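Text of run10.cif (mmCIF, C-alpha atoms and all ligand atoms) as supplied:
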```cif
data_upload
#
loop_
_atom_site.group_PDB
_atom_site.id
_atom_site.type_symbol
_atom_site.label_atom_id
_atom_site.label_comp_id
_atom_site.auth_asym_id
_atom_site.auth_seq_id
_atom_site.Cartn_x
_atom_site.Cartn_y
_atom_site.Cartn_z
ATOM 1 C CA MET A 103 -42.931 25.829 -48.810
ATOM 2 C CA ALA A 104 -40.352 23.417 -47.348
ATOM 3 C CA ARG A 105 -39.380 26.018 -44.678
ATOM 4 C CA ARG A 106 -43.035 26.404 -43.619
ATOM 5 C CA ARG A 107 -43.349 22.622 -43.265
ATOM 6 C CA THR A 108 -40.157 22.502 -41.164
ATOM 7 C CA GLY A 109 -41.563 25.241 -38.830
ATOM 8 C CA ALA A 110 -44.801 23.260 -38.358
ATOM 9 C CA VAL A 111 -42.841 20.093 -37.512
ATOM 10 C CA ASN A 112 -40.736 22.037 -34.907
ATOM 11 C CA ARG A 113 -43.915 23.458 -33.277
ATOM 12 C CA GLU A 114 -45.344 19.944 -33.160
ATOM 13 C CA ARG A 115 -42.137 18.584 -31.541
ATOM 14 C CA GLY A 116 -42.177 21.440 -29.026
ATOM 15 C CA PHE A 117 -45.789 20.693 -28.120
ATOM 16 C CA ILE A 118 -44.998 16.980 -27.648
ATOM 17 C CA LEU A 119 -42.004 17.877 -25.438
ATOM 18 C CA VAL A 120 -44.204 20.064 -23.202
ATOM 19 C CA MET A 121 -46.774 17.260 -22.974
ATOM 20 C CA VAL A 122 -44.072 14.751 -22.039
ATOM 21 C CA LEU A 123 -42.699 17.129 -19.368
ATOM 22 C CA TRP A 124 -46.192 17.590 -17.906
ATOM 23 C CA ALA A 125 -46.730 13.842 -17.909
ATOM 24 C CA ILE A 126 -43.389 13.375 -16.080
ATOM 25 C CA ILE A 127 -44.372 16.016 -13.495
ATOM 26 C CA VAL A 128 -47.805 14.458 -12.939
ATOM 27 C CA LEU A 129 -46.322 10.943 -12.643
ATOM 28 C CA SER A 130 -43.637 12.218 -10.228
ATOM 29 C CA LEU A 131 -46.299 13.849 -8.035
ATOM 30 C CA MET A 132 -48.352 10.645 -8.075
ATOM 31 C CA ALA A 133 -45.292 8.575 -7.159
ATOM 32 C CA ALA A 134 -44.426 10.970 -4.306
ATOM 33 C CA GLY A 135 -48.012 10.813 -3.019
ATOM 34 C CA PHE A 136 -48.017 7.029 -3.195
ATOM 35 C CA ALA A 137 -44.684 6.865 -1.323
ATOM 36 C CA ALA A 138 -46.041 9.160 1.407
ATOM 37 C CA MET A 139 -49.188 7.024 1.721
ATOM 38 C CA THR A 140 -47.091 3.853 1.938
ATOM 39 C CA ARG A 141 -44.862 5.403 4.624
ATOM 40 C CA ALA A 142 -47.940 6.462 6.643
ATOM 41 C CA LYS A 143 -49.432 2.982 6.244
ATOM 42 C CA ILE A 144 -46.190 1.336 7.405
ATOM 43 C CA ARG A 145 -46.161 3.634 10.461
ATOM 44 C CA THR A 146 -49.825 2.845 11.218
ATOM 45 C CA THR A 147 -49.267 -0.900 10.793
ATOM 46 C CA ALA A 148 -46.184 -0.756 13.036
ATOM 47 C CA GLY A 149 -48.269 1.127 15.643
ATOM 48 C CA HIS A 150 -51.006 -1.512 15.460
ATOM 49 C CA ALA A 151 -48.434 -4.302 15.804
ATOM 50 C CA GLU A 152 -46.948 -2.606 18.915
ATOM 51 C CA LEU A 153 -50.396 -2.193 20.433
ATOM 52 C CA ALA A 154 -51.303 -5.831 19.661
ATOM 53 C CA ALA A 155 -48.053 -6.959 21.302
ATOM 54 C CA ALA A 156 -48.776 -4.799 24.374
ATOM 55 C CA GLU A 157 -52.311 -6.244 24.575
ATOM 56 C CA ALA A 158 -50.945 -9.805 24.428
ATOM 57 C CA LEU A 159 -48.456 -9.019 27.223
ATOM 58 C CA ALA A 160 -51.134 -7.417 29.409
ATOM 59 C CA ASP A 161 -53.293 -10.525 28.931
ATOM 60 C CA ALA A 162 -50.260 -12.640 29.837
ATOM 61 C CA GLY A 163 -49.983 -10.536 32.998
ATOM 62 C CA VAL A 164 -53.562 -11.411 33.990
ATOM 63 C CA ASN A 165 -52.733 -15.095 33.480
ATOM 64 C CA LEU A 166 -49.599 -14.758 35.629
ATOM 65 C CA ALA A 167 -51.731 -13.220 38.373
ATOM 66 C CA LEU A 168 -54.278 -16.035 38.070
ATOM 67 C CA LEU A 169 -51.514 -18.629 38.390
ATOM 68 C CA SER A 170 -50.283 -16.863 41.502
ATOM 69 C CA LEU A 171 -53.814 -16.768 42.987
ATOM 70 C CA MET A 172 -54.318 -20.474 42.191
ATOM 71 C CA GLY A 173 -51.072 -21.215 44.021
ATOM 72 C CA SER A 174 -52.164 -19.309 47.106
ATOM 73 C CA LYS A 175 -55.643 -20.942 47.062
ATOM 74 C CA ALA A 176 -54.087 -24.396 47.001
ATOM 75 C CA ALA A 177 -51.693 -23.351 49.785
ATOM 76 C CA LEU A 178 -48.653 -24.240 47.713
ATOM 77 C CA PRO A 179 -45.427 -24.049 49.731
ATOM 78 C CA ALA A 180 -43.990 -21.251 47.604
ATOM 79 C CA SER A 181 -45.330 -17.850 48.588
ATOM 80 C CA PRO A 182 -47.588 -16.321 45.908
ATOM 81 C CA ARG A 183 -45.665 -14.234 43.419
ATOM 82 C CA PHE A 184 -48.314 -11.542 43.152
ATOM 83 C CA ALA A 185 -50.150 -11.018 46.438
ATOM 84 C CA ALA A 186 -53.764 -9.822 46.492
ATOM 85 C CA ASP A 187 -52.929 -6.751 48.544
ATOM 86 C CA GLY A 188 -53.636 -3.904 46.105
ATOM 87 C CA GLU A 189 -49.902 -3.155 45.721
ATOM 88 C CA THR A 190 -48.414 -2.699 42.244
ATOM 89 C CA ARG A 191 -45.651 -5.163 41.357
ATOM 90 C CA LEU A 192 -43.386 -4.939 38.317
ATOM 91 C CA CYS A 193 -41.519 -7.405 36.131
ATOM 92 C CA VAL A 194 -39.837 -7.357 32.736
ATOM 93 C CA PHE A 195 -40.207 -9.581 29.674
ATOM 94 C CA ASP A 196 -37.422 -10.647 27.315
ATOM 95 C CA GLY A 197 -37.118 -7.787 24.855
ATOM 96 C CA GLY A 198 -37.587 -5.096 27.511
ATOM 97 C CA ALA A 199 -41.377 -4.779 27.713
ATOM 98 C CA ARG A 200 -42.411 -4.126 31.313
ATOM 99 C CA LEU A 201 -45.480 -5.285 33.175
ATOM 100 C CA ALA A 202 -47.259 -3.857 36.211
ATOM 101 C CA ILE A 203 -49.715 -6.099 38.067
ATOM 102 C CA ARG A 204 -52.111 -5.150 40.860
ATOM 103 C CA ILE A 205 -54.498 -7.633 42.496
ATOM 104 C CA GLU A 206 -57.328 -6.450 44.731
ATOM 105 C CA ASP A 207 -59.497 -8.685 46.915
ATOM 106 C CA GLU A 208 -63.091 -7.735 46.045
ATOM 107 C CA ALA A 209 -64.107 -8.261 49.693
ATOM 108 C CA GLY A 210 -62.480 -4.897 50.422
ATOM 109 C CA LYS A 211 -64.988 -3.089 48.180
ATOM 110 C CA VAL A 212 -68.668 -2.185 48.497
ATOM 111 C CA ASP A 213 -70.878 -4.620 46.574
ATOM 112 C CA LEU A 214 -73.299 -2.639 44.394
ATOM 113 C CA ASN A 215 -75.909 -5.415 44.574
ATOM 114 C CA ALA A 216 -75.530 -6.604 48.179
ATOM 115 C CA ALA A 217 -74.968 -3.240 49.919
ATOM 116 C CA GLY A 218 -77.905 -1.741 51.806
ATOM 117 C CA GLU A 219 -78.669 1.971 51.908
ATOM 118 C CA PRO A 220 -76.440 2.723 54.939
ATOM 119 C CA ALA A 221 -73.430 1.057 53.275
ATOM 120 C CA LEU A 222 -73.907 3.044 50.053
ATOM 121 C CA VAL A 223 -74.398 6.286 52.017
ATOM 122 C CA ALA A 224 -71.183 5.558 53.967
ATOM 123 C CA LEU A 225 -69.298 5.040 50.681
ATOM 124 C CA PHE A 226 -70.407 8.332 49.123
ATOM 125 C CA VAL A 227 -69.830 10.260 52.360
ATOM 126 C CA ALA A 228 -66.300 8.773 52.504
ATOM 127 C CA LEU A 229 -65.811 10.025 48.936
ATOM 128 C CA GLY A 230 -66.692 13.562 50.054
ATOM 129 C CA THR A 231 -70.425 13.823 49.267
ATOM 130 C CA GLY A 232 -72.734 15.525 51.809
ATOM 131 C CA PRO A 233 -75.040 13.146 53.767
ATOM 132 C CA GLU A 234 -78.295 14.346 52.079
ATOM 133 C CA THR A 235 -76.890 13.952 48.563
ATOM 134 C CA ALA A 236 -75.271 10.638 49.517
ATOM 135 C CA ARG A 237 -78.696 9.354 50.663
ATOM 136 C CA SER A 238 -80.224 10.401 47.328
ATOM 137 C CA TYR A 239 -77.416 8.610 45.390
ATOM 138 C CA ALA A 240 -77.947 5.474 47.525
ATOM 139 C CA GLN A 241 -81.724 5.455 47.035
ATOM 140 C CA ARG A 242 -81.365 5.962 43.284
ATOM 141 C CA ILE A 243 -78.988 2.980 43.117
ATOM 142 C CA LEU A 244 -81.449 0.856 45.128
ATOM 143 C CA ASP A 245 -84.362 1.900 42.874
ATOM 144 C CA TYR A 246 -82.276 1.136 39.779
ATOM 145 C CA ARG A 247 -81.494 -2.419 40.914
ATOM 146 C CA ASP A 248 -84.722 -3.462 42.702
ATOM 147 C CA GLY A 249 -87.517 -5.148 40.763
ATOM 148 C CA ASP A 250 -90.331 -2.712 41.618
ATOM 149 C CA ARG A 251 -91.309 0.614 40.059
ATOM 150 C CA GLU A 252 -92.083 2.460 43.304
ATOM 151 C CA PRO A 253 -89.532 5.224 43.838
ATOM 152 C CA ARG A 254 -88.073 5.823 47.297
ATOM 153 C CA ALA A 255 -88.468 9.328 48.778
ATOM 154 C CA ASP A 256 -85.129 10.490 47.271
ATOM 155 C CA GLY A 257 -84.903 7.803 44.586
ATOM 156 C CA ALA A 258 -85.916 7.546 40.927
ATOM 157 C CA GLU A 259 -87.857 4.929 38.996
ATOM 158 C CA GLU A 260 -89.134 4.536 35.420
ATOM 159 C CA ALA A 261 -91.274 7.716 35.270
ATOM 160 C CA ALA A 262 -88.340 9.942 36.280
ATOM 161 C CA TYR A 263 -86.043 8.331 33.679
ATOM 162 C CA LEU A 264 -88.605 8.621 30.863
ATOM 163 C CA ALA A 265 -89.391 12.243 31.800
ATOM 164 C CA VAL A 266 -85.829 13.251 30.886
ATOM 165 C CA GLY A 267 -85.602 11.018 27.806
ATOM 166 C CA ARG A 268 -83.466 8.316 29.437
ATOM 167 C CA LEU A 269 -83.763 4.556 29.087
ATOM 168 C CA LYS A 270 -85.769 2.883 31.869
ATOM 169 C CA PRO A 271 -83.888 1.753 34.993
ATOM 170 C CA LYS A 272 -82.670 -1.846 34.841
ATOM 171 C CA ASN A 273 -84.763 -3.086 37.823
ATOM 172 C CA ALA A 274 -82.267 -5.940 38.121
ATOM 173 C CA PRO A 275 -78.813 -6.380 39.697
ATOM 174 C CA PHE A 276 -75.799 -4.568 38.270
ATOM 175 C CA ASP A 277 -73.590 -6.719 36.016
ATOM 176 C CA THR A 278 -70.602 -4.356 36.171
ATOM 177 C CA VAL A 279 -69.579 -1.347 38.247
ATOM 178 C CA GLU A 280 -69.434 0.685 35.012
ATOM 179 C CA GLU A 281 -73.247 0.435 34.895
ATOM 180 C CA LEU A 282 -73.374 2.911 37.783
ATOM 181 C CA GLU A 283 -73.240 5.697 35.169
ATOM 182 C CA GLN A 284 -76.712 4.610 33.993
ATOM 183 C CA VAL A 285 -78.263 5.589 37.335
ATOM 184 C CA LEU A 286 -80.267 8.799 36.937
ATOM 185 C CA GLY A 287 -79.063 11.700 39.065
ATOM 186 C CA LEU A 288 -75.622 10.281 39.748
ATOM 187 C CA PRO A 289 -73.071 12.593 38.085
ATOM 188 C CA ALA A 290 -70.650 10.775 35.780
ATOM 189 C CA GLU A 291 -67.602 12.047 37.679
ATOM 190 C CA ILE A 292 -69.036 10.754 40.975
ATOM 191 C CA ALA A 293 -69.751 7.349 39.371
ATOM 192 C CA ARG A 294 -66.229 7.194 37.919
ATOM 193 C CA GLY A 295 -64.659 8.270 41.216
ATOM 194 C CA ALA A 296 -66.545 5.545 43.105
ATOM 195 C CA ARG A 297 -65.686 2.775 40.622
ATOM 196 C CA SER A 298 -62.446 1.590 42.225
ATOM 197 C CA TYR A 299 -64.215 1.153 45.601
ATOM 198 C CA LEU A 300 -67.094 -0.882 44.159
ATOM 199 C CA THR A 301 -67.615 -4.472 43.076
ATOM 200 C CA VAL A 302 -70.433 -6.724 41.908
ATOM 201 C CA THR A 303 -68.651 -9.906 42.981
ATOM 202 C CA SER A 304 -68.143 -9.934 46.776
ATOM 203 C CA ARG A 305 -71.872 -10.420 47.565
ATOM 204 C CA LEU A 306 -71.246 -8.990 51.049
ATOM 205 C CA ASN A 307 -73.221 -6.249 52.762
ATOM 206 C CA GLY A 308 -70.106 -4.756 54.257
ATOM 207 C CA ILE A 309 -66.359 -4.834 53.732
ATOM 208 C CA ASP A 310 -63.410 -6.750 55.076
ATOM 209 C CA PRO A 311 -61.239 -3.878 56.399
ATOM 210 C CA GLU A 312 -58.103 -5.988 56.018
ATOM 211 C CA LYS A 313 -58.696 -6.091 52.260
ATOM 212 C CA ALA A 314 -59.991 -2.544 51.838
ATOM 213 C CA ALA A 315 -58.361 0.631 50.582
ATOM 214 C CA ASP A 316 -57.540 3.187 53.322
ATOM 215 C CA LEU A 317 -60.536 5.373 52.407
ATOM 216 C CA LEU A 318 -62.977 2.514 53.073
ATOM 217 C CA LYS A 319 -61.105 1.249 56.135
ATOM 218 C CA SER A 320 -61.880 4.500 57.891
ATOM 219 C CA ALA A 321 -65.496 4.419 56.611
ATOM 220 C CA ALA A 322 -66.179 0.951 58.084
ATOM 221 C CA GLY A 323 -68.576 1.170 60.997
ATOM 222 C CA PRO A 324 -72.273 0.743 61.774
ATOM 223 C CA GLY A 325 -73.301 1.900 58.271
ATOM 224 C CA LEU A 326 -70.669 -0.079 56.435
ATOM 225 C CA PRO A 327 -70.376 -3.266 58.506
ATOM 226 C CA ARG A 328 -67.047 -5.012 58.933
ATOM 227 C CA VAL A 329 -67.181 -8.585 57.702
ATOM 228 C CA ARG A 330 -64.678 -11.429 57.464
ATOM 229 C CA SER A 331 -64.094 -12.633 53.937
ATOM 230 C CA GLU A 332 -62.904 -15.891 52.433
ATOM 231 C CA ALA A 333 -60.785 -14.605 49.539
ATOM 232 C CA ARG A 334 -63.140 -15.703 46.792
ATOM 233 C CA ALA A 335 -63.079 -12.913 44.199
ATOM 234 C CA PHE A 336 -60.271 -10.767 42.871
ATOM 235 C CA ALA A 337 -59.847 -7.846 40.485
ATOM 236 C CA ILE A 338 -56.650 -8.127 38.445
ATOM 237 C CA HIS A 339 -55.138 -5.080 36.753
ATOM 238 C CA ALA A 340 -52.284 -5.631 34.285
ATOM 239 C CA LEU A 341 -50.506 -2.838 32.418
ATOM 240 C CA ALA A 342 -47.899 -3.649 29.742
ATOM 241 C CA ARG A 343 -45.507 -0.979 28.495
ATOM 242 C CA MET A 344 -43.429 -1.640 25.372
ATOM 243 C CA PRO A 345 -39.873 -0.198 25.101
ATOM 244 C CA SER A 346 -41.351 2.310 22.599
ATOM 245 C CA GLY A 347 -43.701 3.592 25.337
ATOM 246 C CA VAL A 348 -46.868 2.055 23.808
ATOM 247 C CA GLN A 349 -49.080 0.825 26.659
ATOM 248 C CA TYR A 350 -52.089 -1.459 27.042
ATOM 249 C CA ALA A 351 -54.084 -2.194 30.206
ATOM 250 C CA THR A 352 -56.332 -5.180 30.853
ATOM 251 C CA MET A 353 -58.693 -5.629 33.779
ATOM 252 C CA ALA A 354 -60.205 -8.963 34.816
ATOM 253 C CA VAL A 355 -62.341 -10.201 37.702
ATOM 254 C CA ALA A 356 -61.935 -13.833 38.707
ATOM 255 C CA GLU A 357 -64.059 -15.702 41.210
ATOM 256 C CA PHE A 358 -63.047 -18.905 43.001
ATOM 257 C CA PRO A 359 -66.319 -20.731 43.836
ATOM 258 C CA GLU A 360 -64.700 -23.134 46.317
ATOM 259 C CA LEU A 361 -62.861 -22.023 49.410
ATOM 260 C CA ARG A 362 -59.769 -24.178 48.780
ATOM 261 C CA GLY A 363 -60.301 -25.035 45.119
ATOM 262 C CA ARG A 364 -58.074 -23.837 42.317
ATOM 263 C CA ASN A 365 -60.923 -23.586 39.802
ATOM 264 C CA TYR A 366 -61.988 -20.108 38.921
ATOM 265 C CA VAL A 367 -64.619 -18.340 36.843
ATOM 266 C CA ILE A 368 -63.777 -15.210 34.859
ATOM 267 C CA ARG A 369 -66.500 -12.637 35.519
ATOM 268 C CA GLN A 370 -64.930 -9.826 33.488
ATOM 269 C CA TRP A 371 -61.949 -9.476 31.135
ATOM 270 C CA HIS A 372 -61.612 -6.276 29.170
ATOM 271 C CA HIS A 373 -59.424 -3.363 28.123
ATOM 272 C CA SER A 374 -59.176 -0.683 30.785
ATOM 273 C CA GLU A 375 -57.717 2.775 31.221
ATOM 274 C CA ALA A 376 -53.961 2.739 31.797
ATOM 275 C CA TRP A 377 -53.127 3.833 35.330
ATOM 276 C CA GLN A 378 -50.100 5.822 36.460
ATOM 277 C CA VAL A 379 -47.158 3.628 37.471
ATOM 278 C CA PRO A 380 -44.452 5.975 38.818
ATOM 279 C CA GLU A 381 -42.171 2.946 39.358
ATOM 280 C CA PHE A 382 -41.898 2.591 35.558
ATOM 281 C CA GLU A 383 -40.072 5.928 35.488
ATOM 282 C CA GLU A 384 -38.133 5.330 38.704
ATOM 283 C CA THR A 385 -36.911 1.786 38.045
ATOM 284 C CA ASP A 386 -34.494 0.643 35.365
ATOM 285 C CA ALA A 387 -35.716 -2.424 33.426
ATOM 286 C CA ALA A 388 -32.454 -4.213 34.319
ATOM 287 C CA GLU A 389 -33.366 -4.020 38.021
ATOM 288 C CA LEU A 390 -36.742 -5.744 37.564
ATOM 289 C CA PRO A 391 -37.346 -9.469 38.025
ATOM 290 C CA PRO A 392 -38.259 -11.443 34.885
ATOM 291 C CA CYS A 393 -41.978 -11.964 34.320
HETATM 292 CA CA CA A 401 -86.747 -0.421 40.595
#
```
Can the structure in the file be given as structure tokens, please?
Ligand SMILES: [Ca+2]
Amino acid sequence: MARRRTGAVNRERGFILVMVLWAIIVLSLMAAGFAAMTRAKIRTTAGHAELAAAEALADAGVNLALLSLMGSKAALPASPRFAADGETRLCVFDGGARLAIRIEDEAGKVDLNAAGEPALVALFVALGTGPETARSYAQRILDYRDGDREPRADGAEEAAYLAVGRLKPKNAPFDTVEELEQVLGLPAEIARGARSYLTVTSRLNGIDPEKAADLLKSAAGPGLPRVRSEARAFAIHALARMPSGVQYATMAVAEFPELRGRNYVIRQWHHSEAWQVPEFEETDAAELPPC
């Protein structure tokens, strides 16, 4: 009788031991899972912190460019640090983060709102489009921005947009060059390819060849009139690269309403696609000037 009771107690102890072992295994797995989650979260947070730091430095780059432009507008004796010539210039922050800044004078670009049909045709032909297709692109842009609903011969107005399930054309001026992708019949890759040659801020029907990219310089002529500009509006591109390689690019457009004034109005300020800066790879941070 006593032996049977002892056997039952041993079975009970064995069962409890197995339960305890299972509990230990389950708790260990939970702890390992929690540790992995914490590690992933730390990595994600560190990545976000790096990106936030890169964003702040890119924004600082835009401000440095604005200071330089203000100096040149006020004809300060010191030459501007970042010239509005479309060239990329580099500098380095304390801590090793590097900055690339490029300033473009908007007078060297085709204004999407001020350009007439010949100027738009000249732009698309310069970009490699055939003359007939270029005329259709130009007329569709004009129909998109003008207030009426009468389509040009090769253009497109409300009825054409609705027929393919698209939103109606704006029938008002473009606010950004990115809006070009909303124009019916203009392929997205063509719109994206044209973006860096377009502006909505120069308000000129023509370009200042001295401020223009080479592609537009050669396109200037009867269709794309040459005009003299007064250095009023600038696109600023700033790209910050952290020592870890994390990058952030900011693009801003600033307009100076007065010819000699230092006051400016920000027309755009947003995140943009990082562009290739071969000098980052070719130049050691120690060789760069401080930002
Ligand atoms: Ca229209």
>> Can you translate the PyMOL selection byres (((not hetatm)) within 12 of (chain A and resi 401)) into the concrete residues it hits in this file, as a PyMOL selection string?
In response: chain A and resi 241-254+257-263+270-276+285-286
> Residues picked by the PyMOL selection byres (((chain A and resi 165) around 12) and not hetatm) here, as a list of chain:residue names?
Replying inline: A:Ala158, A:Leu159, A:Ala160, A:Asp161, A:Ala162, A:Gly163, A:Val164, A:Leu166, A:Ala167, A:Leu168, A:Leu169, A:Ser170, A:Leu171, A:Met172, A:Phe184, A:Ile203, A:Ile205, A:Ile338, A:His339, A:Ala340, A:Thr352, A:Met353, A:Ala354, A:Val355, A:Ala356, A:Tyr366, A:Ile368, A:Trp371, A:Cys393
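Counting all atoms listed in the file and comparing A:Leu229, A:Gln349, A:Arg113, A:Lys319, the residue that lies closest to Glu291 in chain A is A:Leu229.
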>> Which residues are near Glu312 in chain A? Cut-off 12 Å, all atoms listed in the file, ignore same chain within fewer than 5 positions. Put them as a VMD selection string.
In response: chain A and resid 186 to 188 206 to 211 318 to 320 322 328 to 333
> Which residues, written as a PyMOL selection string, have at least one atom at most 12 Å from Arg343 in chain A, with only C-alpha atoms counted and residues fewer than 6 positions away on the same chain left out?
Replying inline: chain A and resi 152-160+163+192-195+197-203+349-352+376-379+382-383+387
Could you please take those selected residues and save C-alpha atoms as a compact mmCIF listing (two decimals), in the frame of the given file?
```txt
# COMPACT_ATOMS: atom_id res chain seq x y z
CA GLU A 152 -46.95 -2.61 18.92
CA LEU A 153 -50.40 -2.19 20.43
CA ALA A 154 -51.30 -5.83 19.66
CA ALA A 155 -48.05 -6.96 21.30
CA ALA A 156 -48.78 -4.80 24.37
CA GLU A 157 -52.31 -6.24 24.58
CA ALA A 158 -50.94 -9.80 24.43
CA LEU A 159 -48.46 -9.02 27.22
CA ALA A 160 -51.13 -7.42 29.41
CA GLY A 163 -49.98 -10.54 33.00
CA LEU A 192 -43.39 -4.94 38.32
CA CYS A 193 -41.52 -7.40 36.13
CA VAL A 194 -39.84 -7.36 32.74
CA PHE A 195 -40.21 -9.58 29.67
CA GLY A 197 -37.12 -7.79 24.86
CA GLY A 198 -37.59 -5.10 27.51
CA ALA A 199 -41.38 -4.78 27.71
CA ARG A 200 -42.41 -4.13 31.31
CA LEU A 201 -45.48 -5.28 33.17
CA ALA A 202 -47.26 -3.86 36.21
CA ILE A 203 -49.72 -6.10 38.07
CA GLN A 349 -49.08 0.82 26.66
CA TYR A 350 -52.09 -1.46 27.04
CA ALA A 351 -54.08 -2.19 30.21
CA THR A 352 -56.33 -5.18 30.85
CA ALA A 376 -53.96 2.74 31.80
CA TRP A 377 -53.13 3.83 35.33
CA GLN A 378 -50.10 5.82 36.46
CA VAL A 379 -47.16 3.63 37.47
CA PHE A 382 -41.90 2.59 35.56
CA GLU A 383 -40.07 5.93 35.49
CA ALA A 387 -35.72 -2.42 33.43
```
> Excluding same-chain residues fewer than 3 positions from Gly308 in chain A, what lies within 7 Å of it counting all atoms listed in the file, as number ranges by chain?
Replying inline: A: 212, 217, 221, 326-329
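A straight line drawn from CA of Asp316 in chain A to CA of Ala337 in chain A is 17.1 Å long.
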>> Once the PyMOL selection byres (((chain A and resi 279) around 9) and not hetatm) has been evaluated on this model, what residues remain selected, and can you format them as a PyMOL selection string?
In response: chain A and resi 214+276-278+280-283+293+296-298+300-302
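With CA of Gly347 in chain A on one side and CA of Glu381 in chain A on the other, the separation reads 14.1 Å.
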Box in all listed atoms of range 194-200 of chain A, axis-aligned, with 6 Å more on each side; write out centre and edge lengths in Å to one decimal as lines of an AutoDock Vina configuration file.
```
center_x = -39.8
center_y = -7.4
center_z = 28.8
size_x = 17.3
size_y = 18.5
size_z = 19.9
```
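Among the candidates A:Met344, A:Val227, A:Val266, A:Val367, the one nearest to Leu317 in chain A when counting all atoms listed in the file is A:Val227.
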> If you count all atoms listed in the file, which residues fall within 7 Å of Arg334 in chain A, apart from same-chain ones fewer than 5 positions away, as a ChimeraX atom specification?
Replying inline: /A:357-359,361
>> One number please: CA of Gly267 in chain A to CA of Gly287 in chain A, in Å, one decimal.
In response: 13.0 Å
Starting from the incomplete input, reconstruct N, CA and C atoms of range 361-375 of chain A and report them as a CSV table (one decimal), in the coordinates of the input.
```csv
chain,number,residue,atom,x,y,z
A,361,LEU,N,-63.8,-22.7,48.5
A,361,LEU,CA,-62.9,-22.0,49.4
A,361,LEU,C,-61.4,-22.4,49.2
A,362,ARG,N,-61.2,-23.7,49.0
A,362,ARG,CA,-59.8,-24.2,48.8
A,362,ARG,C,-59.5,-24.6,47.3
A,363,GLY,N,-60.5,-24.6,46.5
A,363,GLY,CA,-60.3,-25.0,45.1
A,363,GLY,C,-59.5,-24.1,44.3
A,364,ARG,N,-58.9,-24.7,43.2
A,364,ARG,CA,-58.1,-23.8,42.3
A,364,ARG,C,-58.9,-23.4,41.1
A,365,ASN,N,-60.1,-24.0,41.0
A,365,ASN,CA,-60.9,-23.6,39.8
A,365,ASN,C,-61.4,-22.2,40.0
A,366,TYR,N,-61.5,-21.5,38.9
A,366,TYR,CA,-62.0,-20.1,38.9
A,366,TYR,C,-62.9,-19.8,37.7
A,367,VAL,N,-63.7,-18.8,37.9
A,367,VAL,CA,-64.6,-18.3,36.8
A,367,VAL,C,-64.2,-16.9,36.5
A,368,ILE,N,-64.1,-16.6,35.2
A,368,ILE,CA,-63.8,-15.2,34.9
A,368,ILE,C,-65.1,-14.5,34.7
A,369,ARG,N,-65.3,-13.4,35.6
A,369,ARG,CA,-66.5,-12.6,35.5
A,369,ARG,C,-66.4,-11.5,34.6
A,370,GLN,N,-65.2,-10.9,34.4
A,370,GLN,CA,-64.9,-9.8,33.5
A,370,GLN,C,-63.5,-10.0,32.9
A,371,TRP,N,-63.3,-9.5,31.7
A,371,TRP,CA,-61.9,-9.5,31.1
A,371,TRP,C,-62.0,-8.5,30.0
A,372,HIS,N,-61.5,-7.3,30.2
A,372,HIS,CA,-61.6,-6.3,29.2
A,372,HIS,C,-60.5,-5.2,29.2
A,373,HIS,N,-60.4,-4.5,28.2
A,373,HIS,CA,-59.4,-3.4,28.1
A,373,HIS,C,-59.8,-2.3,29.2
A,374,SER,N,-58.8,-1.7,29.8
A,374,SER,CA,-59.2,-0.7,30.8
A,374,SER,C,-58.3,0.5,30.6
A,375,GLU,N,-58.6,1.6,31.3
A,375,GLU,CA,-57.7,2.8,31.2
A,375,GLU,C,-56.4,2.5,31.9
```
